[in-house]
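Student: Quick one: structure below, then a few questions.
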Amino acid sequence: MVLVAIIVYILIKVLPEIGWTFLSQSPSDMGRGGGILPTIVGTLLVTLLAVVIATPFGIGTAFYLAEYTRGGILTRIIRFSADSLAAIPSIVYGLFGFIFFVTQLGLGLSILSGGLTLAFMILPTLIRTAEEAILTVPQSYREVSFSLGATKWQTIIKVVFPSAMRGIVNGLILSVGRCIAETAAVVLTAGSALHMPKSVFSSVRTMAVHFYTLASEGISMPKAYGTAALLIILIFLINVVTNILVNRMAAKGR
Amino acid sequence: MRKFKEKLSGRVFFALAFSSISALALITVFILIKGLPIIGKIGLSEFFGMTWAPVSQNKFGIFPMIVGTVSVTLGAALIGVPIGICCSIFLAEYAPAAVRNIFRPAIQLLAGIPSVVYGFWGLIFIVPLIREYLGGPGLSILAGAIILAIMILPTVISISEVSLLSLPRQYKEGALALGMTHWQTIKSVLLPSAKSGIVAAVILGIGRAVGETMAVILVLGNAPALPASLKDSVRTLTTNIGIEMGYASGDHQEALFATGIVLFIIIMILNSTAQYVTRKKH
């Protein structure tokens, strides 16, 4: 009920606002006029960068946990770290990104800093979901592969990875959702410049940050509603896609 | 060649896993390096003191923010936990499949909505309600607690539901066979058996509430002072960082990192407790 209330409330306020100009134009007058195109581009770039950086580490760690370790002290440490990373508030990631990427490495408030920070943030989600997906691959698949003379590496690449693919993709999509929704960590690392980015070293404002700025500084309520609606629609689509994937996986798996 | 590939792949996976856990170490070290000096400089008693006036008086007392975090979180838990547990019991035990199939994705969606949208909704919907019916500015502990209660629902519901569903069927069948009603079974057999999972769900929910920034920044009013009632404005540890990080420098910036350390420690304690509780079960 609460959910429906929130969504309906925002969507009603909004529908007249979203149109092609809203999506395709740059904002004017601090966001009072025009559209939100640069923030859409900013969101996509930061998210893409985060996912591209975090994916190899997340999936690699998951394979290491699921296929190479047998519950020793090392596994316990890795798992504890992953759980702890998942619990750290996003604002602390923001602080870390600010001091490490922005200041220490001198990347400045930029797409690169924001993407790297978000990569740290989504890592635990990726590890957890990929590990679960790998563990659901039946043991017999591996045994058959070994009995055919395949090595462990061949088994992982040719047998386990394809079978766990959907679960892994599912985790990736969840992570994309988290990146799009994140505000606190991004505003401290990618900044809030309201123009089209020129390179990965440009500062950008993501949709979530744009929404926060519009709403908290009372710049333009209609534009704020529009941005919020677009965010919710995006998250909704991501959820639908994930659910379809999960259902298909369940149907195929049994 | 084959052997080499084998060895190499094992090493690569280990290297990836190792870099992933180094992330935690890296984050911890950098926050500590940046935050600890200021605590040493002003002393613990002033750091946990009453006055936060970073610009005018150079005072960095975070006690009001700790009170803010605790009061808002406690409020959220008091509202959110009973609702969450009831929902999970309903979903696990009573709901027909059709209802469940609507509820589950809805809860997922609820978890995915950006926190700043929750905050905005609170600002335009809950804050005016409080202002009108209870008086005061509306930006208050109560508003923050309500918003956070909604936000922790997905965590509490999904984890407690899983722990209820993972109980062996025999528990329930045995209880029913002994002539217990459905509700008696839930109350005296299922809930006690699923206790550790539910406790973990509550702790993780509380952890989420403590760490939330953007949802509360819009509805709490953010006054760095001790509140006298639920209708008063407070500032939490997270919003303290969120608001001032943009313009802080020098000691002030370090004090915000020190705030981050306190937040970090609270979260680590909560998370370790949750892990301990779940592990005890197995």
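Ordering of the structure tokens sets the chain letters (A, B, ...); residue numbers start at 1 within each chain; ligands are numbered from 1 in the order shown.
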So that I can check the surroundings of segment 234-245 of chain A, please list as a PyMOL selection string every protein, DNA and RNA residue that reaches within 10 Å of it, counting only C-alpha atoms and ignoring chain neighbours fewer than 6 positions away.
Tutor: (chain A and resi 166-167+169-174+176-178+180-181+228+251) or (chain B and resi 105-106+108-114)
Student: Kindly provide, as a list in words, the residues of chain A having any atom no farther than 6 Å from an atom of chain B, counting only C-alpha atoms.
Tutor: Phe57, Gly60, Thr61, Tyr64, Ile78, Ser81, Pro89, Phe96, Trp153 and Ala181 of chain A
Student: Counting only C-alpha atoms, which residues in segment 66-94 of chain B sit no more than 9 Å from segment 143-146 of chain B? For each one, give the nearest pair of atoms and the distance in Å, sorted by chain then residue number, as JSON lines.
Tutor:
```
{"residue": "B:Ser71", "atom": "CA", "partner": "B:Ala145", "partner_atom": "CA", "distance": 8.2}
{"residue": "B:Val72", "atom": "CA", "partner": "B:Ala145", "partner_atom": "CA", "distance": 5.0}
{"residue": "B:Thr73", "atom": "CA", "partner": "B:Ala145", "partner_atom": "CA", "distance": 6.5}
{"residue": "B:Leu74", "atom": "CA", "partner": "B:Ala145", "partner_atom": "CA", "distance": 7.7}
{"residue": "B:Gly75", "atom": "CA", "partner": "B:Ala145", "partner_atom": "CA", "distance": 5.0}
{"residue": "B:Ala76", "atom": "CA", "partner": "B:Ala145", "partner_atom": "CA", "distance": 4.3}
{"residue": "B:Ala77", "atom": "CA", "partner": "B:Ala145", "partner_atom": "CA", "distance": 8.0}
{"residue": "B:Leu78", "atom": "CA", "partner": "B:Ala145", "partner_atom": "CA", "distance": 8.8}
{"residue": "B:Ile79", "atom": "CA", "partner": "B:Ile146", "partner_atom": "CA", "distance": 7.2}
{"residue": "B:Gly80", "atom": "CA", "partner": "B:Ile146", "partner_atom": "CA", "distance": 8.1}
```
Student: Take the residues from that selection and write them out as a compact mmCIF listing (two decimals), in the first residue's frame, keeping C-alpha atoms.
Tutor:
```
# COMPACT_ATOMS: atom_id res chain seq x y z
CA SER B 71 16.48 8.33 18.39
CA VAL B 72 15.56 8.20 14.71
CA THR B 73 16.77 4.61 14.34
CA LEU B 74 14.96 3.48 17.46
CA GLY B 75 11.77 5.13 16.24
CA ALA B 76 12.13 3.46 12.85
CA ALA B 77 12.69 0.07 14.47
CA LEU B 78 9.68 0.49 16.77
CA ILE B 79 7.43 1.26 13.81
CA GLY B 80 9.04 -0.88 11.12
```
Student: Where in segment 47-258 of chain B does DSSP assign strand (DSSP E), given as a list of chain:residue names?
Tutor: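 Residues meeting the strand (DSSP E) criterion: B:Trp52, B:Ala53, B:Lys59, B:Phe60.
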Student: Under the rule that only C-alpha atoms are counted, which of B:Val189, B:Ala258, B:Ala223, B:Leu91 is the nearest residue to Val162 of chain B?
Tutor: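 Looking only at the distances to Val162 of chain B, the closest residue turns out to be B:Leu91.
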